[in-house]
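**Student:** This is the structure I want to talk about, given as structure tokens.
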Amino acid sequence: MSAEPSQPDRTNDGKHEEPDSELVQHANNALGVSHAISLLADTDRFNPRENFAPFNLQVSDDNRHWNDNGSLRAGDVVGLFAVVYRETRNNAAQLILDLIAELGDEDQAVLSPESELDLGELDGDIPVNCFPAVARMEIEAIAHIEGQPYALSALSVLGNFSGAMGKGVVIPSKPGMVTTPNLYILAEAETGDGKTVTDNWASSPVDNFQLEQHAKFKEIQPKLKAELSLIELEIKGLNARKLTTDAERNEYLDAMAKVEAAKSVLTKQIKPPCYKLGNATSAALADVMSCNDSTAMSHTDDARGIVAIILGRYENKGHVDDEFYIVSYSVVPHYRTDRISRGTTILDRPCLSILWLIQDDMYSQLWDKKALVKGGFLPRFLTCHTHTKATHLCRQIKQFPKDVAFNYESRIRELLTTYRMHGGEPYVVPITDEARDIFFDYSDRIADRRIAGEFSSVENRFAKRWAENAWRVGLVLHGAENGSQAHVVAVTAETARCAVALVSWFAVQQLEILRAQQGKETGSKEDAAQSLARKHGRINVRSLKKAGICADDAEAQQLLDKLVEEDLLEGYDYKGRGRGTRYYIVPQHGKR
């Protein structure tokens with residue numbers, strides 16, 4: 001891209017540009033600009049810097065003139081396909097598709113939209129152009145000021161939009177079922193690389209809203225306290241009565257039931273509203289949610305304390321404390337907690353949104369805890385390494401773009417007031433048939449890959465959640481784009497495709513983390529098996545299970561076969577009185 005590209009004319013002889021056709025949509029899905037620029041440069045057909053620009057254009061006036069939205073800078077890498085200058089959208093789309101056809105079957109397979117999880121471009125930074133403009137421009141502005149990858153600001157923005165929607169709006173997913181917009185987001189970021197300041201930019205609208213609600217609450221709090229005092233006096237007066245007849249007892253019971261009910265309501269109302277909180281135990285979190293429509297945002301730029309609690313700081317024998325988080329992700333009809341010190345807490349459809357930024361040491365401890373994977377806690381999360389870095393301060397940007405900040409905060413406030421504070425039955429957003437098919441097709445492709453045995457048993461636990469998270473992300477993107485009208489406007493195919501692309505990006509990150517973890521565990525298991533063989537002279541499948549090195553026969557045999565193949569163990573058959581057993585010993589020439 002040149003530094004100051006001329007703007008393409010999006011009209012044809014004064015006529016309005018024709019609406020997007022299926023051709024444009026197909027081209028848009030088929031080729032990302034990260035491939036487009038390099039591929040077009042290799043063809044020698046065009047000079048990308050002179051003839052192509054990112055397809056990041058918006059309708060700016062009533063005449064449907066297409067203009068750059070102002071968010072692009074020279075050298076920016078964006079995730080949508082490139083268009084030819086001075087061409088209509090349909091003509092540009094046809095040129096892109098013609099180019100793809102010339103690349104051959106091998107390249108076409110790589111670029112196929114049917115294989116989102118394998119796209120090379122998903123291995124880089126988060127595809128920021130999957131976000132609607134109001135979110136994307138906030139993400140880009142934060143990233144440019146802080147000099148960090150888009151992933152860090154994108155996760156904070158995504159988490160704040162999710163938390164702002166609460167459970168006040170849902171999307172019909174499976175027949176007879178709806179899905180909420182609450183996301184669980186977990187990201188690793190190095191200390192000192194800007195995770196706090198980045199999150200402060202993205203979270204300020206929610207923080208400001210909460211402070212305003214606290215200020216309003218302080219104005220009415222004295223009256224609430226006075227009403228509670230009157231109820232206490234009424235209870236005291238009722239208890240002072242002498243009850244001699246059944247009629248007096250029944251009258252007392254009726255009156256006491258009414259004042260106790262009023263006291264229960266006031267006890268919750270007298271606590272300040274809380275939409276977002278940081279480090280807290282699950283019991284404290286449940287108490288806060290019980291006074292706030294059973295909804296909350298658990299949001300912190302340093303989740304060390306929360307992670308320590310989940311890893312078992314307050315549990316006997318170090319058992320993980322993840323039950324409440326699992327329940328609050330799925331939004332079950334009712335949830336009850338009973339504590340000696342806190343009493344009974346009953347939540348109606350508890351709904352929790354999570355954004356936890358954490359340093360690498362605690363992040364690794366989470367993944368080392370197998371119970372958090374097997375129990376379903378970690379598979380619920382969208383998770384990644386943000387790859388933050390040391391960077392120079394930005395000298396070009398004098399202040400945060402006021403229009404970007406204003407639009408972003410206004411949209412967050414719309415969602416908070418329309419959906420987060422909505423206490424009745426949730427709004428149900430409409431969805432187009434095409435968008436629903438995109439979500440269903442994505443789920444089917446994941447199922448096909450699982451059936452084909454592409455994923456390990458651990459990876460399967462995560463793959464099961466990808467399609468569900470795509471629905472959730474789609475609802476959040478829809479809310480970010482449409483604000484208070486989200487329940488009126490139908491979810492589009494474009495939003496569904498963007499949701500699938502984002503979740504696919506997270507899926508790639510998850511698989512990388514899991515496979516790195518698997519490699520680390522395999523190495524430690526290999527060492528443990530060899531040590532066991534040296535200690536006892538010989539080992540077999542049963543030995544590995546008994547020592548807790550392997551979980552079952554299949555895993556034990558696979559490990560032993562690998563060690564034999566690497567010449568670290570050798571096997572021999574021992575035939576006793578019963579069936580023969582194959583034992584494994586450390587060879588004299590083996591690697592120690």
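The way I read the labels, and the way they are meant: chains A, B, ... in the order of the structure tokens, residue 1 as the first residue of every chain, and ligand 1 as the first ligand shown, with later ones counted on from there.
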At a cut-off of 10 Å, using only C-alpha atoms, what residues contact stretch 247-256 of chain A? Leave out same-chain residues fewer than 5 positions from it and give the result as a list in words.
**Tutor:**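 Counting only the stated atoms, we get Glu234, Ile235, Leu238, Asn239, Arg241, Lys242, Ala261 and Ala262 of chain A.
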**Student:** Just list as a PyMOL selection string whatever in stretch 262-482 of chain A DSSP marks as helix (DSSP H, G or I).
**Tutor:** chain A and resi 262-269+282-290+304-310+316-318+323-330+360-368+370-374+378-380+402-420+433-451+457-482
**Student:** Give me the residues near A:Pro379 as an NGL selection string, where near means some atom within 8 Å (using only C-alpha atoms) and where sequence neighbours in that chain fewer than 4 positions away do not count.
**Tutor:** :A and (373 or 461-462 or 465)
**Student:** Separation of atom CA of A:Asp368 and atom CA of A:Ile126, in Å?
**Tutor:**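 Distance reported for this atom pair: 25.2 Å.
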**Student:** Quick one: residues within 10 Å of A:Arg420, only C-alpha atoms, excluding same-chain residues fewer than 5 positions away - as a PyMOL selection string?
**Tutor:** chain A and resi 162-169+275+292-293+295-296+413-415+426
**Student:** From the list A:Lys218, A:Arg436, A:His334, A:Arg515, which residue is nearest A:Ala490 when using only C-alpha atoms?
**Tutor:** A:Arg436
**Student:** Give me, as a PyMOL selection string, the residues of stretch 193-315 of chain A that a backbone DSSP run labels strand (DSSP E or B).
**Tutor:** chain A and resi 276-277+295-300
**Student:** In Å to one decimal, how far is atom CA of A:Glu219 from atom CA of A:Lys263?
**Tutor:**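 It comes out at 20.0 Å.
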**Student:** Any chance you could tabulate, as a tab-separated table, the residues of stretch 171-251 of chain A at most 9 Å from stretch 132-143 of chain A with each one's nearest atom pair and distance in Å to one decimal, using only C-alpha atoms, in chain and rising number order?
**Tutor:**
```
residue	atom	partner	partner_atom	distance
A:Thr198	CA	A:Ile142	CA	6.5
A:Trp201	CA	A:Ile142	CA	7.0
A:Ala202	CA	A:Glu138	CA	7.7
```
